[in-house]
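Asks: The structure file coords_1.txt (compact mmCIF, C-alpha atoms and all ligand atoms) is provided below.
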# COMPACT_ATOMS: atom_id res chain seq x y z
CA MET A 208 19.17 12.63 19.26
CA LYS A 209 17.13 15.78 18.61
CA VAL A 210 14.69 16.13 15.75
CA THR A 211 12.21 18.74 14.58
CA LEU A 212 8.97 17.19 13.41
CA LYS A 213 6.69 18.95 10.93
CA ILE A 214 3.52 16.91 11.17
CA TRP A 215 0.27 17.19 9.21
CA ARG A 216 -2.63 17.74 11.63
CA GLN A 217 -6.19 17.46 10.37
CA LYS A 218 -9.26 17.12 12.61
CA ASN A 219 -11.39 15.17 10.15
CA THR A 220 -11.99 14.54 6.44
CA SER A 221 -13.60 17.93 5.81
CA ASP A 222 -11.06 19.95 7.84
CA LYS A 223 -8.50 21.87 5.74
CA GLY A 224 -5.59 20.72 7.92
CA GLY A 225 -2.06 22.09 8.12
CA PHE A 226 1.45 21.43 9.43
CA LYS A 227 2.35 21.80 13.08
CA THR A 228 5.96 21.77 14.31
CA TYR A 229 7.18 19.82 17.35
CA GLN A 230 10.63 19.49 18.92
CA LEU A 231 11.72 16.11 20.25
CA ASP A 232 15.04 16.06 22.07
CA HIS A 233 15.13 12.55 23.53
CA ALA A 234 14.74 10.22 20.56
CA SER A 235 17.08 7.22 20.42
CA PRO A 236 18.72 6.21 17.11
CA ASP A 237 17.58 2.65 17.87
CA MET A 238 13.90 3.55 18.12
CA SER A 239 11.66 2.63 15.23
CA PHE A 240 9.96 5.59 13.59
CA LEU A 241 6.64 4.59 15.18
CA GLU A 242 8.25 4.33 18.63
CA MET A 243 9.56 7.86 18.12
CA LEU A 244 5.97 8.97 17.44
CA ASP A 245 4.85 7.09 20.58
CA VAL A 246 7.38 9.14 22.60
CA LEU A 247 6.11 12.36 21.03
CA ASN A 248 2.52 11.38 21.83
CA THR A 249 3.41 10.57 25.46
CA ASP A 250 4.89 14.09 25.74
CA LEU A 251 1.80 15.64 24.14
CA ILE A 252 -0.58 13.74 26.44
CA LYS A 253 1.44 14.83 29.50
CA LYS A 254 1.08 18.44 28.33
CA GLY A 255 -2.67 17.98 27.86
CA GLU A 256 -2.44 18.24 24.07
CA GLU A 257 -4.10 15.99 21.52
CA PRO A 258 -1.77 13.16 20.40
CA VAL A 259 -0.93 12.68 16.73
CA HIS A 260 -3.15 10.02 15.16
CA PHE A 261 -1.34 7.49 12.98
CA ASP A 262 -2.11 3.98 11.75
CA HIS A 263 -0.21 0.87 12.79
CA ASP A 264 -0.89 -2.72 13.73
CA CYS A 265 1.73 -5.48 13.40
CA ARG A 266 4.87 -3.30 13.59
CA GLU A 267 6.57 -6.23 11.83
CA GLY A 268 6.29 -5.13 8.20
CA ILE A 269 3.42 -7.46 7.30
CA CYS A 270 0.08 -5.68 7.79
CA GLY A 271 0.63 -2.60 5.61
CA MET A 272 -1.06 -0.20 8.04
CA CYS A 273 1.80 2.21 8.81
CA SER A 274 1.17 4.51 5.86
CA LEU A 275 3.25 7.64 6.43
CA TYR A 276 4.74 9.99 3.86
CA ILE A 277 8.14 10.97 5.31
CA ASN A 278 10.32 13.69 3.80
CA GLY A 279 8.49 13.39 0.50
CA ARG A 280 8.68 9.60 0.21
CA PRO A 281 6.21 6.85 1.15
CA HIS A 282 7.61 5.10 4.25
CA GLY A 283 10.63 7.45 4.27
CA PRO A 284 14.21 7.11 3.01
CA LEU A 285 14.45 3.30 2.88
CA GLN A 286 12.46 0.84 0.73
CA THR A 287 10.74 -0.65 3.75
CA THR A 288 7.64 -0.10 5.86
CA THR A 289 7.55 2.79 8.34
CA CYS A 290 7.49 0.37 11.28
CA GLN A 291 10.77 -1.15 10.07
CA LEU A 292 12.41 2.27 9.68
CA HIS A 293 14.69 3.38 12.52
CA MET A 294 15.72 6.82 13.70
CA ARG A 295 19.35 6.04 12.83
CA SER A 296 18.29 6.64 9.21
CA PHE A 297 18.00 10.34 10.11
CA LYS A 298 20.63 12.87 11.21
CA ASP A 299 20.78 14.42 14.68
CA GLY A 300 19.11 17.84 14.40
CA GLU A 301 17.24 16.94 11.20
CA THR A 302 13.80 18.34 10.35
CA ILE A 303 11.46 15.50 9.39
CA THR A 304 8.24 16.22 7.51
CA ILE A 305 5.45 13.69 8.08
CA GLU A 306 2.27 13.61 5.98
CA PRO A 307 -0.53 11.12 5.29
CA TRP A 308 -0.79 9.31 1.94
CA ARG A 309 -1.92 11.87 -0.64
CA ALA A 310 -4.51 10.40 -3.03
CA LYS A 311 -8.16 11.25 -3.71
CA SER A 312 -9.11 7.60 -3.24
CA PHE A 313 -7.43 7.53 0.21
CA PRO A 314 -9.24 10.38 2.05
CA VAL A 315 -7.70 11.57 5.31
CA ILE A 316 -9.71 10.42 8.35
CA LYS A 317 -7.64 12.25 10.95
CA ASP A 318 -4.06 13.59 11.04
CA LEU A 319 -1.94 10.86 9.41
CA VAL A 320 -4.68 8.22 9.17
CA VAL A 321 -6.22 7.63 5.74
CA ASP A 322 -9.15 5.49 4.61
CA ARG A 323 -7.73 2.67 2.46
CA SER A 324 -11.00 0.72 2.21
CA ALA A 325 -10.87 1.25 -1.58
CA PHE A 326 -8.26 -1.53 -1.59
CA ASP A 327 -10.61 -3.79 0.38
CA ARG A 328 -13.39 -3.23 -2.16
CA ILE A 329 -11.02 -4.08 -5.04
CA GLN A 330 -10.09 -7.30 -3.25
CA GLN A 331 -13.74 -8.11 -2.62
CA ALA A 332 -14.47 -7.63 -6.34
CA GLY A 333 -12.34 -10.63 -7.31
CA GLY A 334 -9.23 -11.18 -5.21
CA TYR A 335 -10.24 -14.61 -4.00
CA VAL A 336 -10.75 -18.20 -5.12
CA SER A 337 -14.31 -19.48 -4.80
CA VAL A 338 -13.69 -23.01 -6.10
CA ASN A 339 -13.48 -25.69 -3.44
CA THR A 340 -9.79 -26.48 -3.18
CA GLY A 341 -10.34 -29.21 -0.59
CA GLY A 342 -8.01 -29.85 2.32
CA VAL A 343 -4.36 -28.88 2.48
CA PRO A 344 -2.61 -30.96 -0.21
CA ASP A 345 0.85 -32.43 0.16
CA ALA A 346 3.50 -29.96 -0.95
CA ASN A 347 4.17 -31.46 -4.38
CA GLU A 348 0.75 -32.93 -5.15
CA ILE A 349 0.01 -30.24 -7.75
CA PRO A 350 3.16 -29.90 -9.87
CA ILE A 351 3.85 -26.23 -10.62
CA PRO A 352 7.05 -25.08 -12.37
CA LYS A 353 9.36 -23.40 -9.87
CA LYS A 354 9.54 -20.17 -11.89
CA ILE A 355 5.74 -19.87 -11.85
CA ALA A 356 5.50 -20.77 -8.14
CA ASP A 357 8.17 -18.17 -7.33
CA GLU A 358 6.42 -15.45 -9.34
CA ALA A 359 3.07 -16.21 -7.68
CA PHE A 360 4.71 -16.14 -4.26
CA ASP A 361 6.43 -12.83 -4.99
CA ALA A 362 3.12 -11.28 -6.09
CA ALA A 363 1.44 -12.63 -2.95
CA THR A 364 3.88 -10.75 -0.72
CA CYS A 365 2.02 -7.47 -1.44
CA ILE A 366 0.79 -6.21 1.93
CA GLY A 367 -1.70 -3.68 0.54
CA CYS A 368 0.07 -0.73 2.14
CA GLY A 369 -0.74 1.74 -0.65
CA ALA A 370 2.80 3.14 -0.99
CA CYS A 371 2.56 2.47 -4.74
CA VAL A 372 -0.45 4.81 -4.96
CA ALA A 373 1.21 7.44 -2.76
CA ALA A 374 4.40 7.35 -4.86
CA CYS A 375 2.62 7.67 -8.21
CA LYS A 376 1.99 11.13 -9.68
CA ASN A 377 -1.28 9.73 -11.09
CA ALA A 378 -2.24 7.96 -7.83
CA SER A 379 -2.45 4.74 -9.83
CA ALA A 380 -3.22 1.49 -8.01
CA MET A 381 -2.02 -0.72 -10.86
CA LEU A 382 0.89 -2.27 -8.93
CA PHE A 383 -1.35 -3.36 -6.06
CA VAL A 384 -4.16 -4.67 -8.29
CA SER A 385 -1.74 -6.43 -10.64
CA ALA A 386 -0.05 -8.20 -7.73
CA LYS A 387 -3.43 -9.47 -6.52
CA VAL A 388 -4.48 -10.53 -10.04
CA SER A 389 -1.13 -12.22 -10.71
CA GLN A 390 -0.98 -14.34 -7.59
CA PHE A 391 -4.16 -16.12 -8.70
CA ALA A 392 -3.72 -15.99 -12.49
CA LEU A 393 -0.40 -17.84 -12.23
CA LEU A 394 -1.69 -20.79 -10.20
CA PRO A 395 -4.06 -23.58 -11.26
CA GLN A 396 -6.47 -22.82 -8.39
CA GLY A 397 -7.00 -19.33 -9.83
CA LYS A 398 -7.72 -20.39 -13.41
CA PRO A 399 -11.50 -21.08 -13.21
CA GLU A 400 -12.35 -17.42 -12.44
CA ARG A 401 -9.40 -15.92 -14.27
CA LYS A 402 -11.39 -13.77 -16.72
CA GLU A 403 -14.09 -12.50 -14.38
CA ARG A 404 -11.51 -11.73 -11.70
CA VAL A 405 -9.38 -9.35 -13.74
CA GLU A 406 -12.41 -7.64 -15.30
CA ARG A 407 -14.10 -7.08 -11.94
CA MET A 408 -10.98 -5.92 -10.12
CA VAL A 409 -10.02 -3.46 -12.87
CA ALA A 410 -13.61 -2.14 -13.00
CA GLN A 411 -13.57 -1.60 -9.21
CA MET A 412 -10.15 0.06 -9.39
CA ASP A 413 -11.55 2.52 -11.95
CA ALA A 414 -14.73 3.06 -9.92
CA GLU A 415 -12.62 3.99 -6.86
CA GLY A 416 -11.04 6.84 -8.83
CA PHE A 417 -7.42 5.68 -9.00
CA GLY A 418 -5.37 7.18 -11.85
CA SER A 419 -3.85 5.51 -14.89
CA CYS A 420 -0.39 4.00 -15.19
CA THR A 421 2.06 6.02 -17.28
CA ASN A 422 5.05 3.71 -16.71
CA THR A 423 7.11 5.95 -14.44
CA LYS A 424 7.87 2.92 -12.21
CA ALA A 425 7.74 5.14 -9.10
CA CYS A 426 5.53 2.44 -7.54
CA GLU A 427 8.15 -0.30 -7.94
CA ALA A 428 10.89 2.02 -6.62
CA GLU A 429 8.97 2.65 -3.38
CA CYS A 430 7.20 -0.68 -2.82
CA PRO A 431 8.45 -2.10 0.51
CA LYS A 432 7.97 -5.65 -0.78
CA GLY A 433 9.74 -5.18 -4.11
CA ILE A 434 6.65 -5.99 -6.21
CA SER A 435 7.73 -5.84 -9.86
CA VAL A 436 5.99 -3.81 -12.58
CA THR A 437 6.07 -6.99 -14.69
CA ASN A 438 2.88 -7.79 -12.77
CA ILE A 439 1.26 -4.74 -14.42
CA ALA A 440 2.20 -6.11 -17.85
CA ARG A 441 0.69 -9.46 -16.84
CA MET A 442 -2.52 -7.82 -15.63
CA ASN A 443 -2.84 -5.91 -18.91
CA ARG A 444 -2.41 -9.17 -20.86
CA GLU A 445 -4.97 -10.91 -18.64
CA TYR A 446 -7.40 -8.02 -19.10
CA TYR A 447 -7.10 -7.77 -22.90
CA SER A 448 -7.25 -11.50 -23.39
CA SER A 449 -10.37 -11.65 -21.24
CA MET A 450 -12.01 -8.76 -23.09
CA ALA A 451 -11.06 -10.10 -26.52
CA SER A 452 -12.69 -13.45 -25.79
CA SER A 453 -15.87 -12.06 -24.29
CA TYR A 454 -19.08 -12.31 -26.28
CA GLU A 455 -19.95 -8.61 -25.92
CA TRP A 456 -16.52 -7.59 -27.20
CA GLN A 457 -16.80 -9.84 -30.27
CA VAL A 458 -20.36 -8.77 -31.04
CA GLY A 459 -19.35 -5.12 -30.70
CA GLY A 460 -16.48 -5.61 -33.15
CA GLY A 461 -13.88 -4.96 -30.46
CA GLU A 462 -15.19 -1.49 -29.62
S1 LIG A 501 2.32 -3.31 -4.45
FE1 LIG A 501 3.86 -2.79 -2.87
S2 LIG A 501 3.49 -0.64 -2.42
FE2 LIG A 501 1.66 -1.39 -3.46
S3 LIG A 501 0.26 -2.06 -1.85
FE3 LIG A 501 1.46 -3.88 -2.45
S4 LIG A 501 3.20 -3.90 -1.02
FE4 LIG A 501 2.33 -1.83 -0.90
S1 LIG A 502 2.58 -1.68 11.27
FE1 LIG A 502 2.22 -3.47 10.05
S2 LIG A 502 3.46 -3.16 8.30
FE2 LIG A 502 3.97 -1.49 9.58
Show me the file's structure as structure tokens.
Replies:
Amino acid sequence: MKVTLKIWRQKNTSDKGGFKTYQLDHASPDMSFLEMLDVLNTDLIKKGEEPVHFDHDCREGICGMCSLYINGRPHGPLQTTTCQLHMRSFKDGETITIEPWRAKSFPVIKDLVVDRSAFDRIQQAGGYVSVNTGGVPDANEIPIPKKIADEAFDAATCIGCGACVAACKNASAMLFVSAKVSQFALLPQGKPERKERVERMVAQMDAEGFGSCTNTKACEAECPKGISVTNIARMNREYYSSMASSYEWQVGGGE
């Protein structure tokens, strides 16, 4: 199949950048989107041109690295990761526009590669359990209601890809942060640091410059792992209950 590719090229963070158009006339419908870019890059290298820089790692939908904005949607036309998207999702002769994630907190490093270390810093602020949980327990040693276990598992499937931020008109990171808060808040191992965790992670999210949530649910619609916005409601409850019980909050009269 033949495709026309309009790709964002940008030398570095301070470069203004712009679109460049490429023709590819030997893509297979069975190629993944990243394999199609590999073919383009092989052609460019043969011609002595600079290949297009893009992020990837697992190519199995689990690492969250393949952050491409395709035809105006994070990860393209399907609710999956770019590495799991195939060229058969596009028409022969189609023009495909490829951009990096667009968010102030995800600055472009080069071409389609953005710096998502803001997510790492949010995780480092509280997305962990520091209590000693001992060795691996038998499966049913700690009884947890199935509904709670399922919700915690669903939240834990977030791969930190950043599509939720890219999809949101406010560049809000609430879906990502709420998934990380929820997976611990729901389980007994996460209870000891429950209050500090949500306060620290929300503070770091704000410090990184992500926008606010205005309930458009664009994040949920584009999340490749189907993370639910009910996690945002849970994070808000966790946050307010933590703040309301803190000494400073009570002394300050709730201000
Ligand atoms: S919530 Fe979904 S879209 Fe956001 S980082 Fe996690 S997996 Fe990606
Ligand atoms: S390359 Fe790992 S999720 Fe796409």
Asks: Just the residues within 6 Å of range 285-293 of chain A, please, counting all atoms listed in the file, with nothing from its chain fewer than 3 positions along; format it as a PyMOL selection string.
Replies: chain A and resi 238-241+266+268+273+282+296+429+431
Asks: Record the distance separating CA of Gly416 in chain A and CA of Gly224 in chain A, expressed in Å with one decimal.
Replies: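 Atom-to-atom, CA of Gly416 in chain A and CA of Gly224 in chain A are spaced 22.4 Å apart.
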Asks: Nearest to Ala392 in chain A: which of A:Pro344, A:Gly333, A:Gly369, A:Gly433 is it, counting all atoms listed in the file?
Replies: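 Closest to Ala392 in chain A of all the choices is A:Gly333.
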Asks: One decimal, Å: what's the distance from CA of Phe313 in chain A over to CA of Ala370 in chain A, could you say?
Replies: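 Between CA of Phe313 in chain A and CA of Ala370 in chain A the gap is 11.2 Å.
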Asks: At what distance in Å, to one decimal, does CA of Leu244 in chain A lie from CA of Pro258 in chain A?
Replies: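 Distance reported for this atom pair: 9.3 Å.
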Asks: Restricting the calculation to all atoms listed in the file, which member of A:Pro307, A:Gly418, A:Pro350, A:Gly271 is positioned closest to ligand LIG 501 (chain A)?
Replies: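 Nearest to ligand LIG 501 (chain A): A:Gly271.
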Asks: Which one of A:Asp413, A:Ala440, A:Leu394, A:Ala380 sits closest to ligand LIG 501 (chain A) if you count only C-alpha atoms and all ligand atoms?
Replies: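 Smallest distance to ligand LIG 501 (chain A) is found for A:Ala380.
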Asks: Compile a residue-level contact table for chain A against ligand LIG 501 (chain A) at a cut-off of 7 Å, reporting for every qualifying residue the shortest atom pair and its distance in Å to one decimal, with only C-alpha atoms and all ligand atoms counted, rows ordered by chain and ascending number, as CSV.
Replies:
residue,atom,partner,partner_atom,distance
A:Gly271,CA,A:LIG501,FE4,6.8
A:Thr364,CA,A:LIG501,S4,6.9
A:Cys365,CA,A:LIG501,FE3,3.8
A:Ile366,CA,A:LIG501,S4,4.5
A:Gly367,CA,A:LIG501,S3,3.5
A:Cys368,CA,A:LIG501,FE4,3.9
A:Gly369,CA,A:LIG501,S3,4.1
A:Ala370,CA,A:LIG501,S2,4.1
A:Cys371,CA,A:LIG501,S2,4.0
A:Val372,CA,A:LIG501,FE2,6.7
A:Leu382,CA,A:LIG501,S1,4.8
A:Phe383,CA,A:LIG501,S1,4.0
A:Ala386,CA,A:LIG501,S1,6.3
A:Cys426,CA,A:LIG501,S2,6.3
A:Glu429,CA,A:LIG501,S2,6.5
A:Cys430,CA,A:LIG501,S2,3.7
A:Pro431,CA,A:LIG501,FE1,5.7
A:Lys432,CA,A:LIG501,S4,5.1
A:Gly433,CA,A:LIG501,FE1,6.5
A:Ile434,CA,A:LIG501,S1,5.4
Asks: Per residue of range 260-307 of chain A within 6 Å of range 209-219 of chain A, which atom pair is closest and at what distance in Å (one decimal), using all atoms listed in the file, listed by chain and increasing number, as a Markdown table?
Replies:
| residue | atom | partner | partner_atom | distance |
| --- | --- | --- | --- | --- |
| A:Asp299 | CA | A:Lys209 | CA | 5.5 |
| A:Gly300 | CA | A:Val210 | CA | 4.9 |
| A:Glu301 | CA | A:Val210 | CA | 5.3 |
| A:Thr302 | CA | A:Thr211 | CA | 4.5 |
| A:Ile303 | CA | A:Leu212 | CA | 5.0 |
| A:Thr304 | CA | A:Lys213 | CA | 4.6 |
| A:Ile305 | CA | A:Ile214 | CA | 4.9 |
| A:Glu306 | CA | A:Trp215 | CA | 5.2 |
Asks: Return the single residue from A:Leu247, A:Met450, A:Val259, A:Ile355 that is closest to Leu319 in chain A, with distances computed using all atoms listed in the file.
Replies: A:Val259
Asks: My list of candidates is A:Met208, A:Leu251, A:Met442, A:Cys265. Which is closest to ligand LIG 502 (chain A) when distances are computed with all atoms listed in the file?
Replies: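 Counting all atoms listed in the file, the residue closest to ligand LIG 502 (chain A) is A:Cys265.
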Asks: May I have the residues at most 12 Å from (-10.1, -13.0, -12.8) in the file's coordinates, counting all atoms listed in the file, as a VMD selection string?
Replies: chain A and resid 329 to 337 384 to 385 387 to 394 396 to 410 442 to 450
Asks: Taking 4 positions as the minimum chain separation for residues in the same chain, which residues sit within 7 Å of Pro281 in chain A when counting all atoms listed in the file? Answer as a list of chain:residue names.
Replies: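 Non-adjacent residues within range: A:Leu275, A:Tyr276, A:Ile277, A:Ala370, A:Ala373, A:Ala374, A:Glu429.
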Asks: Using all atoms listed in the file, find the one residue out of A:Glu427, A:Asp357, A:Glu267, A:Asp345 that sits nearest to ligand LIG 502 (chain A).
Replies: A:Glu267
